[in-house]
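As stored in protein.txt (compact mmCIF, C-alpha atoms and all ligand atoms):
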# COMPACT_ATOMS: atom_id res chain seq x y z
CA MET A 1 49.29 193.72 132.67
CA ILE A 2 51.10 191.48 130.16
CA VAL A 3 53.64 193.32 128.03
CA THR A 4 54.87 191.61 124.85
CA LEU A 5 57.81 192.90 122.83
CA CYS A 6 58.39 191.68 119.30
CA ASN A 7 60.52 192.82 116.40
CA LYS A 8 58.63 193.09 113.14
CA SER A 9 60.03 194.73 109.99
CA ASN A 10 62.65 196.45 112.16
CA ASN A 11 59.86 198.13 114.12
CA LEU A 12 59.63 197.54 117.79
CA ILE A 13 56.02 196.82 118.53
CA LEU A 14 54.85 197.13 122.07
CA LYS A 15 51.69 195.21 122.62
CA ARG A 16 49.96 195.74 125.88
CA ASN A 17 47.28 193.42 127.03
CA LYS A 18 45.33 196.14 128.75
CA LYS A 19 42.56 194.80 130.92
CA MET A 20 40.34 197.78 130.38
CA ILE A 21 37.41 198.18 132.77
CA LEU A 22 34.61 200.44 131.62
CA VAL A 23 32.13 201.81 134.13
CA THR A 24 28.76 203.08 132.91
CA GLY A 25 26.64 205.52 134.93
CA ALA A 26 29.99 207.05 135.89
CA THR A 27 28.52 210.52 136.50
CA GLY A 28 26.10 208.95 138.99
CA ASN A 29 26.64 207.96 142.59
CA PHE A 30 27.18 204.22 142.18
CA GLY A 31 29.46 204.38 139.13
CA LYS A 32 31.59 207.23 140.48
CA THR A 33 32.08 205.56 143.85
CA THR A 34 33.00 202.27 142.21
CA ILE A 35 35.69 204.05 140.20
CA ASP A 36 37.10 205.56 143.41
CA PHE A 37 37.31 202.09 144.95
CA LEU A 38 38.93 200.65 141.80
CA LEU A 39 41.62 203.31 142.12
CA ARG A 40 41.95 202.55 145.83
CA ASN A 41 42.40 198.87 144.91
CA GLY A 42 45.44 199.85 142.89
CA ILE A 43 43.89 199.60 139.43
CA SER A 44 45.68 202.19 137.33
CA SER A 45 43.48 204.98 135.97
CA THR A 46 44.87 204.08 132.53
CA HIS A 47 42.94 200.82 132.82
CA ILE A 48 39.65 202.48 133.74
CA SER A 49 37.29 204.24 131.41
CA ALA A 50 33.93 205.84 132.06
CA LEU A 51 30.83 205.98 129.90
CA VAL A 52 29.27 209.42 130.26
CA ARG A 53 26.50 211.23 128.42
CA ASP A 54 27.76 214.69 129.23
CA GLU A 55 31.49 215.36 129.39
CA GLU A 56 30.93 218.50 131.46
CA LYS A 57 29.56 216.40 134.31
CA ALA A 58 32.74 214.31 134.35
CA ALA A 59 35.53 216.83 134.98
CA ASP A 60 36.42 215.08 138.26
CA LEU A 61 36.83 211.75 136.49
CA LYS A 62 39.05 213.34 133.88
CA ASN A 63 41.17 214.86 136.65
CA LYS A 64 41.66 211.38 138.10
CA GLY A 65 43.07 210.24 134.75
CA VAL A 66 40.04 208.16 133.79
CA ALA A 67 39.35 208.18 130.05
CA LEU A 68 35.89 209.39 129.11
CA ARG A 69 33.87 207.60 126.46
CA ILE A 70 30.77 209.42 125.36
CA GLY A 71 27.69 207.28 124.98
CA ASP A 72 24.01 206.94 125.71
CA TYR A 73 22.05 203.75 126.35
CA ASN A 74 19.57 205.00 123.72
CA ASN A 75 22.27 205.27 121.04
CA TYR A 76 23.56 201.87 119.92
CA ALA A 77 26.34 203.25 117.71
CA SER A 78 27.71 205.34 120.59
CA LEU A 79 27.83 202.22 122.79
CA LEU A 80 29.60 200.15 120.13
CA ASN A 81 32.20 202.83 119.84
CA ALA A 82 32.57 203.23 123.60
CA PHE A 83 32.92 199.52 124.34
CA ARG A 84 35.80 198.92 121.89
CA GLY A 85 38.76 197.23 123.62
CA VAL A 86 36.89 196.82 126.91
CA GLU A 87 37.40 193.59 128.83
CA LYS A 88 35.13 194.11 131.85
CA LEU A 89 32.03 196.24 131.75
CA LEU A 90 30.33 197.51 134.88
CA PHE A 91 26.82 198.04 133.58
CA VAL A 92 25.00 200.35 136.00
CA SER A 93 21.25 200.06 135.44
CA GLY A 94 19.61 203.14 133.92
CA SER A 95 17.42 205.56 135.85
CA ASP A 96 14.67 205.96 133.22
CA ILE A 97 12.46 203.21 134.65
CA LEU A 98 9.81 203.30 131.94
CA ASN A 99 12.24 203.10 129.00
CA ARG A 100 15.17 201.18 130.33
CA SER A 101 14.39 197.72 128.96
CA ALA A 102 15.16 198.84 125.41
CA GLN A 103 18.21 200.78 126.68
CA HIS A 104 19.52 197.72 128.51
CA GLN A 105 19.05 195.55 125.44
CA ASN A 106 21.20 198.04 123.53
CA VAL A 107 23.94 197.84 126.17
CA ILE A 108 24.08 194.04 126.16
CA GLU A 109 23.97 193.73 122.37
CA ALA A 110 26.67 196.38 121.92
CA ALA A 111 28.87 194.76 124.57
CA LYS A 112 28.54 191.42 122.82
CA GLU A 113 29.27 192.87 119.39
CA SER A 114 32.30 194.77 120.74
CA GLY A 115 33.82 191.63 122.25
CA VAL A 116 33.45 192.61 125.93
CA LYS A 117 34.50 189.57 128.00
CA GLN A 118 32.50 190.10 131.18
CA ILE A 119 29.49 192.20 132.15
CA VAL A 120 28.83 193.01 135.80
CA TYR A 121 25.24 194.27 136.15
CA THR A 122 23.61 196.17 139.03
CA SER A 123 20.23 194.46 139.33
CA PHE A 124 17.47 194.47 141.90
CA GLN A 125 16.63 192.39 144.92
CA GLY A 126 13.12 191.36 145.92
CA LYS A 127 11.64 188.01 146.95
CA ASN A 128 8.62 188.34 144.68
CA GLU A 129 9.86 188.39 141.08
CA THR A 130 6.37 188.33 139.55
CA GLU A 131 3.83 190.87 138.32
CA SER A 132 2.03 190.64 141.66
CA SER A 133 4.86 192.56 143.38
CA PRO A 134 4.16 196.24 144.12
CA LEU A 135 7.70 196.81 142.79
CA TRP A 136 7.03 195.21 139.40
CA LEU A 137 7.43 198.56 137.63
CA VAL A 138 11.00 198.74 138.98
CA SER A 139 11.91 195.05 138.91
CA GLN A 140 10.52 194.05 135.51
CA SER A 141 13.31 195.63 133.45
CA HIS A 142 15.97 194.27 135.83
CA LEU A 143 14.63 190.74 135.50
CA GLN A 144 14.42 191.08 131.72
CA THR A 145 18.03 192.33 131.69
CA GLU A 146 19.17 189.39 133.81
CA ALA A 147 17.53 187.02 131.31
CA TRP A 148 19.20 188.76 128.35
CA LEU A 149 22.57 188.61 130.10
CA LYS A 150 22.22 184.88 130.70
CA GLU A 151 21.33 184.33 127.04
CA SER A 152 24.08 186.63 125.73
CA GLY A 153 26.95 184.15 125.84
CA VAL A 154 29.10 186.85 127.49
CA ASP A 155 30.37 186.05 131.00
CA TYR A 156 28.11 187.82 133.45
CA THR A 157 27.99 188.65 137.13
CA ILE A 158 24.67 189.78 138.56
CA LEU A 159 24.52 191.99 141.62
CA LYS A 160 21.10 191.80 143.20
CA ASN A 161 21.17 195.13 145.01
CA THR A 162 18.86 195.73 147.94
CA LEU A 163 17.47 199.16 148.82
CA TYR A 164 20.12 201.81 149.39
CA MET A 165 20.21 202.53 153.13
CA ASP A 166 21.04 206.12 152.12
CA PHE A 167 17.36 206.46 151.10
CA ILE A 168 15.92 205.70 154.56
CA PRO A 169 15.93 209.41 155.63
CA ALA A 170 13.85 210.23 152.54
CA PHE A 171 11.30 207.58 153.58
CA LEU A 172 11.24 209.05 157.11
CA GLY A 173 10.79 212.64 155.94
CA GLU A 174 13.06 215.52 156.82
CA LYS A 175 11.11 216.54 159.95
CA VAL A 176 10.96 213.10 161.54
CA ILE A 177 12.74 214.17 164.74
CA ASP A 178 10.54 217.27 165.17
CA THR A 179 7.26 215.48 164.50
CA GLY A 180 8.30 212.34 166.40
CA LEU A 181 6.44 210.29 163.82
CA ILE A 182 7.37 207.73 161.18
CA TYR A 183 4.37 207.29 158.88
CA LEU A 184 4.75 204.52 156.28
CA PRO A 185 2.60 201.57 155.16
CA ALA A 186 5.37 199.05 155.81
CA SER A 187 3.68 197.29 158.72
CA LYS A 188 6.14 194.98 160.52
CA GLY A 189 8.04 194.19 157.30
CA LYS A 190 11.83 194.34 157.27
CA VAL A 191 14.44 195.45 154.75
CA GLY A 192 18.10 194.37 154.54
CA ALA A 193 19.18 197.80 153.25
CA VAL A 194 22.85 198.58 152.67
CA LEU A 195 24.85 201.75 152.10
CA ARG A 196 25.28 202.42 148.39
CA SER A 197 28.98 203.11 148.88
CA GLU A 198 29.47 199.62 150.35
CA MET A 199 27.77 198.01 147.38
CA ALA A 200 30.07 200.07 145.14
CA GLU A 201 33.09 198.97 147.16
CA ALA A 202 32.14 195.29 146.79
CA THR A 203 31.55 195.87 143.08
CA ALA A 204 35.04 197.32 142.72
CA ASN A 205 36.40 194.26 144.52
CA ILE A 206 34.65 192.02 142.00
CA LEU A 207 36.01 194.01 139.07
CA SER A 208 39.52 193.93 140.57
CA SER A 209 39.65 190.15 140.88
CA SER A 210 38.74 186.99 139.00
CA GLY A 211 36.38 184.07 139.68
CA HIS A 212 33.08 185.94 139.45
CA ALA A 213 31.81 184.75 136.06
CA GLY A 214 28.32 183.22 136.22
CA LYS A 215 27.87 184.34 139.84
CA VAL A 216 24.77 186.01 141.25
CA TYR A 217 25.50 187.99 144.42
CA ARG A 218 22.82 189.22 146.81
CA PHE A 219 23.92 192.59 148.11
CA THR A 220 22.06 192.72 151.42
CA ASN A 221 22.88 193.51 154.98
CA TYR A 222 23.53 190.80 157.58
CA GLU A 223 20.37 191.77 159.46
CA ALA A 224 17.13 193.33 158.29
CA PHE A 225 15.19 196.03 160.13
CA SER A 226 11.60 197.25 160.36
CA TYR A 227 10.43 200.82 160.91
CA HIS A 228 9.69 199.78 164.52
CA ASP A 229 13.46 199.20 164.80
CA VAL A 230 14.14 202.54 163.13
CA ALA A 231 11.77 204.31 165.54
CA SER A 232 13.34 202.77 168.63
CA GLN A 233 16.90 203.43 167.49
CA LEU A 234 16.05 207.00 166.47
CA SER A 235 14.44 207.58 169.87
CA GLU A 236 17.64 206.41 171.55
CA ILE A 237 19.89 208.50 169.31
CA SER A 238 17.83 211.71 169.44
CA GLY A 239 16.63 211.48 173.04
CA ARG A 240 13.06 212.19 171.75
CA THR A 241 10.19 209.72 171.48
CA ILE A 242 9.73 208.65 167.87
CA ASN A 243 6.60 206.62 167.11
CA TYR A 244 5.87 204.50 164.07
CA ILE A 245 2.40 204.36 162.54
CA SER A 246 1.67 202.10 159.60
CA PRO A 247 -1.47 203.32 157.78
CA ALA A 248 -3.25 201.48 154.96
CA ALA A 249 -1.52 202.20 151.64
CA ASP A 250 -4.55 204.15 150.30
CA GLU A 251 -4.68 206.36 153.36
CA TYR A 252 -0.92 206.95 153.12
CA MET A 253 -1.16 207.97 149.48
CA GLN A 254 -4.07 210.28 150.14
CA THR A 255 -2.29 211.96 153.07
CA LEU A 256 0.85 212.57 151.02
CA THR A 257 -1.21 213.90 148.11
CA GLU A 258 -2.92 216.35 150.47
CA HIS A 259 0.53 217.49 151.61
CA GLY A 260 1.55 218.25 148.01
CA VAL A 261 4.07 215.41 147.54
CA PRO A 262 4.54 214.72 143.80
CA ALA A 263 2.68 211.63 142.52
CA ASP A 264 5.88 209.88 141.29
CA PHE A 265 7.41 210.02 144.76
CA ILE A 266 4.22 208.85 146.43
CA GLY A 267 4.07 205.88 144.03
CA LEU A 268 7.69 204.92 144.68
CA PHE A 269 7.56 205.37 148.49
CA SER A 270 4.33 203.43 148.83
CA SER A 271 5.40 200.56 146.55
CA PHE A 272 8.65 200.07 148.49
CA ALA A 273 6.83 200.29 151.82
CA VAL A 274 4.11 197.82 150.78
CA ALA A 275 6.69 195.42 149.32
CA GLN A 276 8.50 195.65 152.66
CA ALA A 277 5.22 194.96 154.50
CA ASN A 278 4.81 191.85 152.32
CA GLY A 279 8.25 190.59 153.37
CA GLU A 280 9.68 191.02 149.86
CA LEU A 281 12.75 192.98 151.01
CA GLU A 282 13.72 191.08 154.14
CA THR A 283 16.47 188.94 152.58
CA THR A 284 19.78 188.97 154.46
CA GLY A 285 23.00 187.08 153.82
CA ALA A 286 26.76 187.07 153.81
CA ASP A 287 27.56 187.77 150.12
CA LEU A 288 28.36 191.41 150.72
CA GLU A 289 30.21 190.74 153.96
CA ASN A 290 32.39 188.19 152.17
CA LEU A 291 33.19 190.60 149.34
CA LEU A 292 33.94 193.49 151.70
CA GLY A 293 35.90 191.44 154.22
CA ARG A 294 33.84 192.98 157.04
CA LYS A 295 30.22 193.36 158.07
CA PRO A 296 28.32 196.10 156.21
CA THR A 297 27.38 199.24 158.16
CA SER A 298 24.45 198.57 160.49
CA LEU A 299 21.26 200.62 160.72
CA LYS A 300 22.30 201.94 164.14
CA THR A 301 25.67 203.21 162.89
CA PHE A 302 24.02 204.82 159.88
CA LEU A 303 21.27 206.52 161.91
CA THR A 304 23.84 207.76 164.42
CA GLN A 305 25.89 209.25 161.57
CA VAL A 306 22.85 211.03 160.14
CA TYR A 307 20.86 211.98 163.27
CA GLY A 308 23.45 211.82 166.05
CA PRO A 309 25.19 214.83 167.60
CA SER A 310 27.80 214.99 164.83
CA GLY A 311 25.29 214.30 162.03
CA ASN A 312 23.70 216.83 159.60
N1 LIG A 401 19.03 199.83 145.02
C1 LIG A 401 18.46 201.01 145.15
O1 LIG A 401 17.96 201.39 146.24
C2 LIG A 401 18.42 201.95 143.98
C3 LIG A 401 17.88 203.22 144.17
C4 LIG A 401 17.86 204.09 143.09
C5 LIG A 401 18.35 203.68 141.87
N2 LIG A 401 18.86 202.44 141.71
C6 LIG A 401 19.37 201.96 140.41
O2 LIG A 401 20.78 201.94 140.51
C7 LIG A 401 21.36 202.78 139.48
C8 LIG A 401 22.59 203.47 140.03
O3 LIG A 401 22.23 204.23 141.17
P1 LIG A 401 22.82 205.69 141.37
O4 LIG A 401 22.48 206.07 142.74
O5 LIG A 401 24.21 205.76 140.89
O6 LIG A 401 21.90 206.53 140.35
P2 LIG A 401 22.26 207.97 139.75
O7 LIG A 401 23.13 208.73 140.67
O8 LIG A 401 20.95 208.57 139.35
O9 LIG A 401 23.11 207.63 138.44
C9 LIG A 401 22.53 207.09 137.29
C10 LIG A 401 23.60 207.10 136.21
O10 LIG A 401 23.06 206.48 135.04
C11 LIG A 401 23.35 207.32 133.93
N3 LIG A 401 22.35 207.16 132.89
C12 LIG A 401 21.01 207.28 133.01
N4 LIG A 401 20.43 207.10 131.81
C13 LIG A 401 21.43 206.88 130.92
C14 LIG A 401 21.47 206.65 129.52
N5 LIG A 401 20.34 206.67 128.78
N6 LIG A 401 22.66 206.45 128.93
C15 LIG A 401 23.80 206.47 129.66
N7 LIG A 401 23.84 206.69 131.00
C16 LIG A 401 22.66 206.90 131.61
C17 LIG A 401 23.29 208.73 134.51
O11 LIG A 401 23.93 209.64 133.63
P3 LIG A 401 23.65 211.25 133.73
O12 LIG A 401 24.56 211.74 134.83
O13 LIG A 401 24.04 211.75 132.40
O14 LIG A 401 22.20 211.44 134.05
C18 LIG A 401 24.04 208.52 135.81
O15 LIG A 401 25.43 208.50 135.57
C19 LIG A 401 20.22 203.73 139.09
O16 LIG A 401 20.40 204.20 137.77
C20 LIG A 401 19.00 202.83 139.23
O17 LIG A 401 18.85 201.98 138.11
C21 LIG A 401 18.92 201.56 142.75

Could the structure of this file be written out as structure tokens, please?
Amino acid sequence: MIVTLCNKSNNLILKRNKKMILVTGATGNFGKTTIDFLLRNGISSTHISALVRDEEKAADLKNKGVALRIGDYNNYASLLNAFRGVEKLLFVSGSDILNRSAQHQNVIEAAKESGVKQIVYTSFQGKNETESSPLWLVSQSHLQTEAWLKESGVDYTILKNTLYMDFIPAFLGEKVIDTGLIYLPASKGKVGAVLRSEMAEATANILSSSGHAGKVYRFTNYEAFSYHDVASQLSEISGRTINYISPAADEYMQTLTEHGVPADFIGLFSSFAVAQANGELETTGADLENLLGRKPTSLKTFLTQVYGPSGN
């Protein structure tokens, strides 16, 4: 922080060059965890603010000394107001998949108009960035947002986030150990999934340092895994035999429908599994490892935490 003292008309004026970081999606998992890591990195809470839609959901942030700014991606004026005086903006992608392109355009325009210096955006990672991807519904708005960021003239950093490893148990189903069966149309495809908290930690490291303007980071693990790998590691951890069956996508969707799973979930699970079968999620690399200063948590460690003797 640069502090400038000057004497003007006998008034002592204290000008602080506050490098304010604003985190959007701060009531959600990614934003909240990033704020915790910013604080752990020694960034003062007086230099962190949080965009929230509902103040009542943000009592914990307030208790940590983080200033709340009320705003909604749908409300341009609220964003303009919230972004005033912000230097770095962590723009966490919205969760309303069908409407988020317009929301994201609002965020970028408002950031630009407010004079934000750098936008760090949580994007998406998939090898197939075309309409032919089963994940196009999810990826389309991310890719559009990346294009808008690059055109904006504001310094940007794009985080191409892989699948959260935290979601693997949801793909497996809560009774996977009892049934001994993993049933997903992912074939032999692999995914370089990473714990969400580790992506948030790396994001906080980016926000706490310089040299990231114009960079595109691939947040992946150092090795990718298939559901065959998951089955064999789960068998080892649980002491039970866990098999993996990869049905055709249609059969999978029909089976889940018959079991009463809501259509939205079926659509999401099957598109991720089919994209994985196609090899779209298999990317690995060292970007995250370099930003964390260690290897990200492996599948085996994660599964042991969740399904091992001390898990649950
Ligand atoms: N890589 C992956 O595997 C993966 C998986 C799921 C999601 N994602 C993406 O990553 C983002 C962050 O993940 P997460 O786990 O932190 O999600 P999350 O826990 O659902 O948090 C989403 C955050 O976005 C905020 N938000 C949603 N719509 C908004 C709007 N119109 N205006 C302002 N804020 C809005 C929510 O605010 P409220 O608390 O007010 O609702 C919440 O704080 C998600 O939003 C999604 O785009 C990635």

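If one restricts the calculation to only C-alpha atoms and all ligand atoms, the set of residues situated within 6 Å of ligand LIG 401 (chain A) consists of Gly25, Ala26, Thr27, Gly28, Asn29, Phe30, Gly31, Arg53, Asp54, Asp72, Tyr73, Asn74, Val92, Ser93, Gly94, Ser95, Asn161, Thr162, Leu163 and Tyr164 of chain A.
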
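Remark: for Leu22 (chain A), the closest of the candidate residues A:Leu89, A:Val52, A:Ala224, A:Ile245 is A:Leu89 (distances computed over only C-alpha atoms).
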
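As for CA of Asp60 (chain A) and CA of Thr33 (chain A), they are spaced 11.9 Å apart.
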
Protein, DNA and RNA residues within 9 Å of (23.3, 193.7, 127.5), all atoms listed in the file, as a PyMOL selection string: chain A and resi 91+103-112+119+121+145-146+148-149+152+154

Nearest to Ile182 (chain A), chosen from A:Ile242, A:Lys150, A:Ser132, A:Leu281, with all atoms listed in the file counted in the distances: A:Ile242

Residue nearest Asn243 (chain A) - candidates A:Thr255, A:Tyr183, A:Lys19, A:Lys188, atoms counted: only C-alpha atoms: A:Tyr183

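Take the candidates A:Gly239, A:Leu207, A:Val23, A:Ser139 and check each one against Ser123 (chain A) using only C-alpha atoms; the shortest distance goes to A:Ser139.
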
Each side padded by 4 Å, which centre and which edge lengths in Å (one decimal) define the axis-aligned box around the listed atoms of region 102-118 of chain A? Give them as JSON.
{"center_x": 24.8, "center_y": 195.2, "center_z": 125.3, "size_x": 27.3, "size_y": 19.2, "size_z": 19.8}

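For the pair CA of Leu299 (chain A) and CA of Ile158 (chain A), the separation is 24.9 Å.
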
Completion step: region 92-115 of chain A with N, CA and C atoms as a PDB file, keeping the file's coordinate frame:
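Here's the written file out_38.pdb:
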ATOM      1  N   VAL A  92      25.868 199.793 134.960  1.00  0.00           N
ATOM      2  CA  VAL A  92      25.000 200.350 136.000  1.00  0.00           C
ATOM      3  C   VAL A  92      23.621 200.564 135.371  1.00  0.00           C
ATOM      4  N   SER A  93      22.606 199.977 135.988  1.00  0.00           N
ATOM      5  CA  SER A  93      21.250 200.060 135.440  1.00  0.00           C
ATOM      6  C   SER A  93      20.831 201.523 135.267  1.00  0.00           C
ATOM      7  N   GLY A  94      20.042 201.780 134.225  1.00  0.00           N
ATOM      8  CA  GLY A  94      19.610 203.140 133.920  1.00  0.00           C
ATOM      9  C   GLY A  94      18.564 203.641 134.896  1.00  0.00           C
ATOM     10  N   SER A  95      18.355 204.958 134.890  1.00  0.00           N
ATOM     11  CA  SER A  95      17.420 205.560 135.850  1.00  0.00           C
ATOM     12  C   SER A  95      16.062 205.880 135.219  1.00  0.00           C
ATOM     13  N   ASP A  96      15.932 205.667 133.919  1.00  0.00           N
ATOM     14  CA  ASP A  96      14.670 205.960 133.220  1.00  0.00           C
ATOM     15  C   ASP A  96      13.818 204.680 133.256  1.00  0.00           C
ATOM     16  N   ILE A  97      13.108 204.501 134.373  1.00  0.00           N
ATOM     17  CA  ILE A  97      12.460 203.210 134.650  1.00  0.00           C
ATOM     18  C   ILE A  97      11.533 202.757 133.517  1.00  0.00           C
ATOM     19  N   LEU A  98      10.796 203.698 132.940  1.00  0.00           N
ATOM     20  CA  LEU A  98       9.810 203.300 131.940  1.00  0.00           C
ATOM     21  C   LEU A  98      10.439 202.874 130.607  1.00  0.00           C
ATOM     22  N   ASN A  99      11.628 203.384 130.315  1.00  0.00           N
ATOM     23  CA  ASN A  99      12.240 203.100 129.000  1.00  0.00           C
ATOM     24  C   ASN A  99      13.498 202.254 129.067  1.00  0.00           C
ATOM     25  N   ARG A 100      13.832 201.752 130.238  1.00  0.00           N
ATOM     26  CA  ARG A 100      15.170 201.180 130.330  1.00  0.00           C
ATOM     27  C   ARG A 100      15.307 199.779 129.753  1.00  0.00           C
ATOM     28  N   SER A 101      14.218 199.049 129.549  1.00  0.00           N
ATOM     29  CA  SER A 101      14.390 197.720 128.960  1.00  0.00           C
ATOM     30  C   SER A 101      15.082 197.817 127.601  1.00  0.00           C
ATOM     31  N   ALA A 102      14.565 198.688 126.753  1.00  0.00           N
ATOM     32  CA  ALA A 102      15.160 198.840 125.410  1.00  0.00           C
ATOM     33  C   ALA A 102      16.601 199.349 125.525  1.00  0.00           C
ATOM     34  N   GLN A 103      16.839 200.248 126.468  1.00  0.00           N
ATOM     35  CA  GLN A 103      18.210 200.780 126.680  1.00  0.00           C
ATOM     36  C   GLN A 103      19.149 199.642 127.081  1.00  0.00           C
ATOM     37  N   HIS A 104      18.664 198.805 127.996  1.00  0.00           N
ATOM     38  CA  HIS A 104      19.520 197.720 128.510  1.00  0.00           C
ATOM     39  C   HIS A 104      19.811 196.684 127.417  1.00  0.00           C
ATOM     40  N   GLN A 105      18.824 196.476 126.556  1.00  0.00           N
ATOM     41  CA  GLN A 105      19.050 195.550 125.440  1.00  0.00           C
ATOM     42  C   GLN A 105      20.165 196.098 124.547  1.00  0.00           C
ATOM     43  N   ASN A 106      20.132 197.408 124.312  1.00  0.00           N
ATOM     44  CA  ASN A 106      21.200 198.040 123.530  1.00  0.00           C
ATOM     45  C   ASN A 106      22.573 197.797 124.154  1.00  0.00           C
ATOM     46  N   VAL A 107      22.647 197.980 125.480  1.00  0.00           N
ATOM     47  CA  VAL A 107      23.940 197.840 126.170  1.00  0.00           C
ATOM     48  C   VAL A 107      24.478 196.417 126.011  1.00  0.00           C
ATOM     49  N   ILE A 108      23.619 195.433 126.222  1.00  0.00           N
ATOM     50  CA  ILE A 108      24.080 194.040 126.160  1.00  0.00           C
ATOM     51  C   ILE A 108      24.475 193.651 124.738  1.00  0.00           C
ATOM     52  N   GLU A 109      23.653 194.056 123.780  1.00  0.00           N
ATOM     53  CA  GLU A 109      23.970 193.730 122.370  1.00  0.00           C
ATOM     54  C   GLU A 109      25.283 194.391 121.952  1.00  0.00           C
ATOM     55  N   ALA A 110      25.451 195.653 122.315  1.00  0.00           N
ATOM     56  CA  ALA A 110      26.670 196.380 121.920  1.00  0.00           C
ATOM     57  C   ALA A 110      27.899 195.773 122.599  1.00  0.00           C
ATOM     58  N   ALA A 111      27.739 195.369 123.851  1.00  0.00           N
ATOM     59  CA  ALA A 111      28.870 194.760 124.570  1.00  0.00           C
ATOM     60  C   ALA A 111      29.269 193.460 123.869  1.00  0.00           C
ATOM     61  N   LYS A 112      28.272 192.704 123.488  1.00  0.00           N
ATOM     62  CA  LYS A 112      28.540 191.420 122.820  1.00  0.00           C
ATOM     63  C   LYS A 112      29.242 191.664 121.490  1.00  0.00           C
ATOM     64  N   GLU A 113      28.686 192.598 120.716  1.00  0.00           N
ATOM     65  CA  GLU A 113      29.270 192.870 119.390  1.00  0.00           C
ATOM     66  C   GLU A 113      30.683 193.443 119.500  1.00  0.00           C
ATOM     67  N   SER A 114      30.958 194.163 120.574  1.00  0.00           N
ATOM     68  CA  SER A 114      32.300 194.770 120.740  1.00  0.00           C
ATOM     69  C   SER A 114      33.308 193.796 121.315  1.00  0.00           C
ATOM     70  N   GLY A 115      32.873 192.614 121.729  1.00  0.00           N
ATOM     71  CA  GLY A 115      33.820 191.630 122.250  1.00  0.00           C
ATOM     72  C   GLY A 115      34.149 191.800 123.726  1.00  0.00           C
TER      73      GLY A 115
END
